[in-house]
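Participant: Enclosed is the structure file upload.cif (mmCIF, C-alpha atoms).
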```cif
data_protein
loop_
_atom_site.group_PDB
_atom_site.id
_atom_site.type_symbol
_atom_site.label_atom_id
_atom_site.label_comp_id
_atom_site.auth_asym_id
_atom_site.auth_seq_id
_atom_site.Cartn_x
_atom_site.Cartn_y
_atom_site.Cartn_z
ATOM 1 C CA MET E 94 0.000 0.000 0.000
ATOM 2 C CA ASP E 95 1.190 3.514 -0.829
ATOM 3 C CA SER E 96 2.239 4.992 2.539
ATOM 4 C CA VAL E 97 1.431 8.506 1.288
ATOM 5 C CA ILE E 98 -2.263 7.617 1.122
ATOM 6 C CA HIS E 99 -4.163 7.610 4.407
ATOM 7 C CA PRO E 100 -5.127 3.998 5.257
ATOM 8 C CA ALA E 101 -8.803 4.965 5.293
ATOM 9 C CA ASP E 102 -8.748 6.920 2.031
ATOM 10 C CA PRO E 103 -11.608 5.582 -0.113
ATOM 11 C CA MET E 104 -9.457 6.041 -3.239
ATOM 12 C CA ARG E 105 -6.621 3.796 -2.065
ATOM 13 C CA ASP E 106 -5.719 0.716 -4.083
ATOM 14 C CA TRP E 107 -7.536 -2.201 -2.431
ATOM 15 C CA SER E 108 -6.215 -4.928 -4.723
ATOM 16 C CA ALA E 109 -3.504 -6.190 -2.321
ATOM 17 C CA TYR E 110 -5.958 -6.221 0.581
ATOM 18 C CA ASN E 111 -8.591 -8.123 -1.394
ATOM 19 C CA ALA E 112 -6.024 -10.609 -2.657
ATOM 20 C CA ALA E 113 -5.002 -11.315 0.940
ATOM 21 C CA GLN E 114 -8.627 -11.629 2.011
ATOM 22 C CA ALA E 115 -9.262 -14.262 -0.647
ATOM 23 C CA ALA E 116 -7.254 -16.701 1.488
ATOM 24 C CA ARG E 117 -9.429 -16.077 4.562
ATOM 25 C CA ALA E 118 -11.009 -19.362 5.611
ATOM 26 C CA ARG E 119 -14.091 -18.044 7.396
ATOM 27 C CA PRO E 120 -16.612 -15.253 6.839
ATOM 28 C CA ARG E 121 -16.563 -12.246 9.127
ATOM 29 C CA GLU E 122 -18.167 -12.615 12.544
ATOM 30 C CA LEU E 123 -20.992 -10.227 11.685
ATOM 31 C CA LEU E 124 -22.423 -12.515 9.008
ATOM 32 C CA GLY E 125 -23.535 -15.375 11.275
ATOM 33 C CA PRO E 126 -25.913 -13.340 13.447
ATOM 34 C CA ALA E 127 -27.057 -11.374 10.383
ATOM 35 C CA LEU E 128 -28.122 -14.573 8.614
ATOM 36 C CA ALA E 129 -29.791 -15.852 11.765
ATOM 37 C CA ALA E 130 -31.761 -12.621 12.166
ATOM 38 C CA ALA E 131 -32.800 -12.560 8.499
ATOM 39 C CA GLY E 132 -34.306 -16.040 8.666
ATOM 40 C CA THR E 133 -34.886 -18.536 5.880
ATOM 41 C CA ALA E 134 -33.503 -17.307 2.564
ATOM 42 C CA GLN E 135 -35.616 -19.241 0.018
ATOM 43 C CA GLY E 136 -34.028 -17.347 -2.873
ATOM 44 C CA ARG E 137 -34.682 -13.911 -1.424
ATOM 45 C CA VAL E 138 -32.309 -11.107 -2.426
ATOM 46 C CA ALA E 139 -29.333 -10.189 -0.255
ATOM 47 C CA VAL E 140 -27.239 -7.101 -1.002
ATOM 48 C CA GLU E 141 -23.583 -6.783 -0.007
ATOM 49 C CA ILE E 142 -21.932 -3.373 -0.058
ATOM 50 C CA GLY E 143 -18.144 -3.678 -0.399
ATOM 51 C CA CYS E 144 -17.865 -7.380 -1.194
ATOM 52 C CA GLY E 145 -14.076 -7.656 -1.460
ATOM 53 C CA ALA E 146 -12.962 -11.191 -2.286
ATOM 54 C CA GLY E 147 -16.499 -12.569 -1.962
ATOM 55 C CA ILE E 148 -16.099 -14.702 1.162
ATOM 56 C CA GLU E 149 -19.343 -13.421 2.666
ATOM 57 C CA ALA E 150 -21.184 -13.399 -0.681
ATOM 58 C CA LEU E 151 -20.388 -17.081 -1.137
ATOM 59 C CA GLU E 152 -21.622 -17.885 2.370
ATOM 60 C CA MET E 153 -24.892 -16.016 1.772
ATOM 61 C CA ALA E 154 -25.406 -17.816 -1.538
ATOM 62 C CA ARG E 155 -24.745 -21.183 0.100
ATOM 63 C CA ALA E 156 -27.403 -20.269 2.667
ATOM 64 C CA GLY E 157 -29.941 -19.869 -0.144
ATOM 65 C CA TRP E 158 -29.806 -16.133 -0.859
ATOM 66 C CA SER E 159 -29.727 -14.567 -4.328
ATOM 67 C CA VAL E 160 -26.791 -12.209 -3.760
ATOM 68 C CA ARG E 161 -26.127 -8.830 -5.374
ATOM 69 C CA THR E 162 -22.657 -7.450 -4.626
ATOM 70 C CA TYR E 163 -21.250 -3.940 -5.118
ATOM 71 C CA ASP E 164 -17.594 -2.883 -5.023
ATOM 72 C CA ARG E 165 -15.475 -0.424 -7.032
ATOM 73 C CA ASP E 166 -12.208 -2.393 -6.987
ATOM 74 C CA PRO E 167 -11.700 -4.057 -10.402
ATOM 75 C CA SER E 168 -9.584 -6.776 -8.805
ATOM 76 C CA VAL E 169 -12.676 -8.351 -7.217
ATOM 77 C CA VAL E 170 -14.506 -8.787 -10.539
ATOM 78 C CA PRO E 171 -12.870 -12.122 -11.501
ATOM 79 C CA LEU E 172 -13.163 -13.377 -7.912
ATOM 80 C CA ILE E 173 -16.910 -12.770 -7.795
ATOM 81 C CA ALA E 174 -17.352 -14.001 -11.384
ATOM 82 C CA GLU E 175 -15.812 -17.337 -10.384
ATOM 83 C CA ILE E 176 -18.269 -17.633 -7.484
ATOM 84 C CA GLY E 177 -21.137 -16.641 -9.783
ATOM 85 C CA ARG E 178 -20.452 -19.575 -12.103
ATOM 86 C CA ARG E 179 -21.746 -21.949 -9.432
ATOM 87 C CA TRP E 180 -23.842 -19.807 -7.107
ATOM 88 C CA PRO E 181 -26.519 -17.083 -7.495
ATOM 89 C CA VAL E 182 -24.163 -14.116 -7.091
ATOM 90 C CA VAL E 183 -24.281 -11.103 -9.425
ATOM 91 C CA HIS E 184 -21.686 -8.344 -9.153
ATOM 92 C CA THR E 185 -21.793 -4.656 -10.074
ATOM 93 C CA GLN E 186 -18.502 -2.759 -10.240
ATOM 94 C CA VAL E 187 -19.353 0.722 -8.991
ATOM 95 C CA ASP E 188 -18.145 3.455 -6.678
ATOM 96 C CA ILE E 189 -20.322 2.779 -3.641
ATOM 97 C CA ALA E 190 -20.594 6.487 -2.934
ATOM 98 C CA ALA E 191 -22.219 6.920 -6.363
ATOM 99 C CA LEU E 192 -24.933 4.286 -5.879
ATOM 100 C CA LYS E 193 -28.378 5.599 -6.762
ATOM 101 C CA THR E 194 -30.488 2.444 -6.775
ATOM 102 C CA LEU E 195 -30.479 -0.957 -5.096
ATOM 103 C CA PRO E 196 -32.804 -3.941 -5.427
ATOM 104 C CA GLN E 197 -35.346 -4.495 -2.706
ATOM 105 C CA ALA E 198 -33.725 -6.943 -0.317
ATOM 106 C CA GLY E 199 -34.411 -9.103 2.699
ATOM 107 C CA LEU E 200 -30.813 -8.703 3.877
ATOM 108 C CA ILE E 201 -28.341 -5.867 3.412
ATOM 109 C CA PHE E 202 -24.823 -6.604 4.641
ATOM 110 C CA SER E 203 -21.698 -4.435 4.777
ATOM 111 C CA SER E 204 -18.603 -5.270 6.785
ATOM 112 C CA ALA E 205 -16.142 -2.378 7.214
ATOM 113 C CA ALA E 206 -16.984 -0.676 3.900
ATOM 114 C CA LEU E 207 -19.361 2.129 4.875
ATOM 115 C CA PRO E 208 -16.765 4.005 7.001
ATOM 116 C CA TYR E 209 -14.822 4.781 3.824
ATOM 117 C CA ILE E 210 -17.684 6.853 2.428
ATOM 118 C CA ALA E 211 -17.127 10.604 2.693
ATOM 119 C CA ARG E 212 -19.125 12.201 5.473
ATOM 120 C CA SER E 213 -20.887 14.444 2.951
ATOM 121 C CA GLY E 214 -22.195 11.451 1.007
ATOM 122 C CA PHE E 215 -22.930 9.108 3.886
ATOM 123 C CA PRO E 216 -26.506 10.252 4.734
ATOM 124 C CA ALA E 217 -27.755 9.702 1.165
ATOM 125 C CA LEU E 218 -26.166 6.253 0.984
ATOM 126 C CA TRP E 219 -27.599 5.285 4.361
ATOM 127 C CA GLN E 220 -31.071 6.364 3.278
ATOM 128 C CA LEU E 221 -30.674 4.285 0.116
ATOM 129 C CA LEU E 222 -29.784 1.205 2.183
ATOM 130 C CA VAL E 223 -32.736 1.645 4.529
ATOM 131 C CA SER E 224 -35.120 2.310 1.637
ATOM 132 C CA ALA E 225 -33.990 -0.896 -0.090
ATOM 133 C CA LEU E 226 -34.922 -3.022 2.938
ATOM 134 C CA LEU E 227 -38.135 -4.961 2.508
ATOM 135 C CA PRO E 228 -40.518 -5.046 5.500
ATOM 136 C CA GLY E 229 -39.004 -7.481 7.955
ATOM 137 C CA GLY E 230 -35.630 -7.197 6.203
ATOM 138 C CA VAL E 231 -32.369 -7.054 8.150
ATOM 139 C CA LEU E 232 -29.523 -4.548 7.870
ATOM 140 C CA ALA E 233 -26.141 -5.646 9.279
ATOM 141 C CA VAL E 234 -23.182 -3.259 9.150
ATOM 142 C CA ASP E 235 -19.843 -2.397 10.714
ATOM 143 C CA LEU E 236 -19.196 1.307 11.376
ATOM 144 C CA PHE E 237 -16.151 3.195 12.676
ATOM 145 C CA GLY E 238 -16.380 5.286 15.834
ATOM 146 C CA ASP E 239 -15.129 8.819 16.340
ATOM 147 C CA ARG E 240 -12.223 7.640 18.525
ATOM 148 C CA ASP E 241 -10.815 5.362 15.804
ATOM 149 C CA GLU E 242 -7.179 6.132 14.988
ATOM 150 C CA TRP E 243 -8.077 6.857 11.367
ATOM 151 C CA SER E 244 -10.746 9.420 12.261
ATOM 152 C CA SER E 245 -8.463 12.324 11.307
ATOM 153 C CA GLY E 246 -8.606 11.186 7.683
ATOM 154 C CA PRO E 247 -11.376 10.946 5.106
ATOM 155 C CA GLY E 248 -14.442 8.841 5.743
ATOM 156 C CA THR E 249 -17.298 8.721 8.235
ATOM 157 C CA TYR E 250 -16.588 8.249 11.959
ATOM 158 C CA LEU E 251 -19.585 8.261 14.260
ATOM 159 C CA THR E 252 -20.431 8.817 17.898
ATOM 160 C CA ARG E 253 -22.691 6.284 19.593
ATOM 161 C CA ALA E 254 -25.500 8.842 19.559
ATOM 162 C CA GLU E 255 -25.114 9.192 15.796
ATOM 163 C CA VAL E 256 -25.232 5.426 15.315
ATOM 164 C CA GLU E 257 -28.368 5.225 17.443
ATOM 165 C CA CYS E 258 -29.873 7.978 15.305
ATOM 166 C CA LEU E 259 -29.101 6.002 12.141
ATOM 167 C CA ALA E 260 -31.089 3.116 13.574
ATOM 168 C CA SER E 261 -34.149 5.225 14.385
ATOM 169 C CA GLY E 262 -37.190 3.846 12.607
ATOM 170 C CA LEU E 263 -35.655 0.370 12.636
ATOM 171 C CA GLU E 264 -35.840 -2.321 15.305
ATOM 172 C CA THR E 265 -32.343 -2.576 16.776
ATOM 173 C CA LEU E 266 -31.470 -6.224 17.281
ATOM 174 C CA ARG E 267 -27.834 -5.664 18.211
ATOM 175 C CA LEU E 268 -25.650 -2.631 18.787
ATOM 176 C CA ASP E 269 -22.165 -3.428 20.054
ATOM 177 C CA GLU E 270 -19.316 -0.993 20.613
ATOM 178 C CA GLU E 271 -15.655 -2.038 20.814
ATOM 179 C CA GLU E 272 -12.459 -0.081 21.382
ATOM 180 C CA TYR E 273 -9.042 -1.720 21.381
ATOM 181 C CA ASP E 274 -5.514 -1.690 19.962
ATOM 182 C CA GLY E 275 -4.968 -4.313 17.296
ATOM 183 C CA PRO E 276 -3.709 -5.122 13.803
ATOM 184 C CA ALA E 277 -4.936 -3.683 10.525
ATOM 185 C CA PHE E 278 -3.742 -4.514 7.014
ATOM 186 C CA SER E 279 -1.675 -1.307 7.062
ATOM 187 C CA GLY E 280 -0.207 -2.034 10.511
ATOM 188 C CA PRO E 281 -1.179 -1.678 14.204
ATOM 189 C CA LYS E 282 -3.861 0.863 15.056
ATOM 190 C CA HIS E 283 -6.439 1.886 17.661
ATOM 191 C CA TRP E 284 -9.877 0.610 16.663
ATOM 192 C CA HIS E 285 -13.234 2.065 17.611
ATOM 193 C CA LEU E 286 -16.024 0.005 16.065
ATOM 194 C CA PHE E 287 -19.793 -0.286 16.106
ATOM 195 C CA THR E 288 -21.668 -3.390 14.990
ATOM 196 C CA LEU E 289 -25.300 -2.746 14.132
ATOM 197 C CA ILE E 290 -27.946 -5.305 13.207
ATOM 198 C CA ALA E 291 -31.427 -3.867 12.736
ATOM 199 C CA ARG E 292 -34.729 -4.902 11.206
ATOM 200 C CA ARG E 293 -37.205 -2.874 9.200
ATOM 201 C CA PRO E 294 -40.620 -3.248 10.862
ATOM 202 C CA ALA E 295 -42.982 -5.527 8.969
#
```
Spell out the structure here as structure tokens.

Facilitator:
Amino acid sequence: MDSVIHPADPMRDWSAYNAAQAARARPRELLGPALAAAGTAQGRVAVEIGCGAGIEALEMARAGWSVRTYDRDPSVVPLIAEIGRRWPVVHTQVDIAALKTLPQAGLIFSSAALPYIARSGFPALWQLLVSALLPGGVLAVDLFGDRDEWSSGPGTYLTRAEVECLASGLETLRLDEEEYDGPAFSGPKHWHLFTLIARRPA
């Protein structure tokens, strides 16, 4: 990674990160409870924002979801295409911040992608995600807190009150907050994270 670029810069080159993630054996921890909350898939649509190497997309497809993934990094296109040859996964290469439409979905999942959206564009994207949720649908996301080490750079870093505000109008199923020192792909850092799982009322 270019050390001149802030680690949280949304325009950084993600190809090395995604290549490393392709070797990850298990999906991210957030996905298990998200799938459990969303219930039986039966071919319903799941949307993943920032799909990376497709580890989570594959797991959702195996669980019976028809998966629609969105990511701007061209390096993920062949990875997702390979998954799509065997499983119901369709990929759109797009700058997430420029998304204008999404399919109606029973599950919307995003692990550590939304924090890289510029603060100015975050509210519109969040509204798009919530609007795409079908009644009874589940939204599961990771967000960065305002005490995260990268909060001086570009992106969206939220206070707990702001996260709670994002969830207004939804049924909050889980809201966890963590703060710790640990590794990142770019090196050690101080993390401040929120995990939100919420349901749109039926």

Participant: Would you write out, as a PyMOL selection string, every residue that the PyMOL selection byres ((chain E and resi 227) around 10) captures in this file?

Facilitator: chain E and resi 138+196-201+223-226+228-231+292-295

Participant: One decimal, Å: what's the distance from CA of Tyr209 in chain E over to CA of Ala156 in chain E, could you say?

Facilitator: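 Result for CA of Tyr209 in chain E versus CA of Ala156 in chain E: 28.1 Å, one decimal.
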
Participant: List the residues selected by the PyMOL selection byres ((chain E and resi 157) around 8) in the file shown, writing them as a ChimeraX atom specification.

Facilitator: /E:133-137,153-156,158-159

Participant: Taking the file as shown, what set of residues would the PyMOL selection byres ((chain E and resi 126) around 12) give back, as number ranges by chain?

Facilitator: E: 120-125, 127-132, 200, 202, 231-234, 266-268, 288-291

Participant: First collect every listed atom of range 193-201 of chain E; then fit an axis-aligned box around them, widen it by 3 Å on each side, and give centre and edge lengths in Å to one decimal, as lines of an AutoDock Vina configuration file.

Facilitator:
```
center_x = -31.8
center_y = -1.8
center_z = -1.4
size_x = 13.0
size_y = 20.7
size_z = 16.7
```

Participant: Got a sec: who's within 12 Å of Gly214 in chain E, counting all atoms listed in the file, leaving out chain neighbours fewer than 2 positions off, as a PyMOL selection string?

Facilitator: chain E and resi 188-193+207-212+216-221+247-249

Participant: Would you mind reading off the distance between CA of Glu270 in chain E and CA of Leu151 in chain E, one decimal, in Å?

Facilitator: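 Taking CA of Glu270 in chain E and CA of Leu151 in chain E, their separation equals 27.1 Å.
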
Participant: Please identify all polymer residues within 7 Å of range 169-173 of chain E, counting only C-alpha atoms, omitting same-chain residues fewer than 3 positions from it, and present them as a list in words.

Facilitator: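 These residues fall inside the cut-off: Gly145, Ala146, Gly147, Asp166, Ile176, Gly177 and His184 of chain E.
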
Participant: Do you have the CA of Val140 in chain E-CA of Glu152 in chain E distance handy?

Facilitator: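 Interatomic distance, CA of Val140 in chain E to CA of Glu152 in chain E: 12.6 Å.
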
Participant: Given the choices E:Tyr163, E:Phe278, E:Phe237, E:Tyr273, which gets closest to Tyr250 in chain E if the distance is worked out from only C-alpha atoms?

Facilitator: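 Nearest to Tyr250 in chain E: E:Phe237.
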
Participant: Can you tell me, as a list in words, what residues are no more than 6 Å from Cys144 in chain E when counting all atoms listed in the file, ignoring any on the same chain fewer than 2 positions away?

Facilitator: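 Near neighbours after the sequence-gap exclusion: Glu141, Ile142, Gly147, Thr162 and Asp164 of chain E.
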
Participant: Name the closest residue to Thr252 in chain E among the candidates E:Pro181, E:Ala139, E:Leu236, E:Pro167; distances are taken between atoms, counting all atoms listed in the file.

Facilitator: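 Between E:Pro181, E:Ala139, E:Leu236, E:Pro167, the residue approaching Thr252 in chain E most closely is E:Leu236.
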
Participant: So, with all atoms listed in the file as the atoms that count, which of E:Arg253, E:Arg105, E:Arg240, E:Arg161 lies closest to His285 in chain E?

Facilitator: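 The closest residue to His285 in chain E is E:Arg240.
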
Participant: Have a look at E:Arg119, E:Arg165, E:Glu175, E:Asp239 and name the one nearest to Ile148 in chain E; count only C-alpha atoms.

Facilitator: E:Arg119
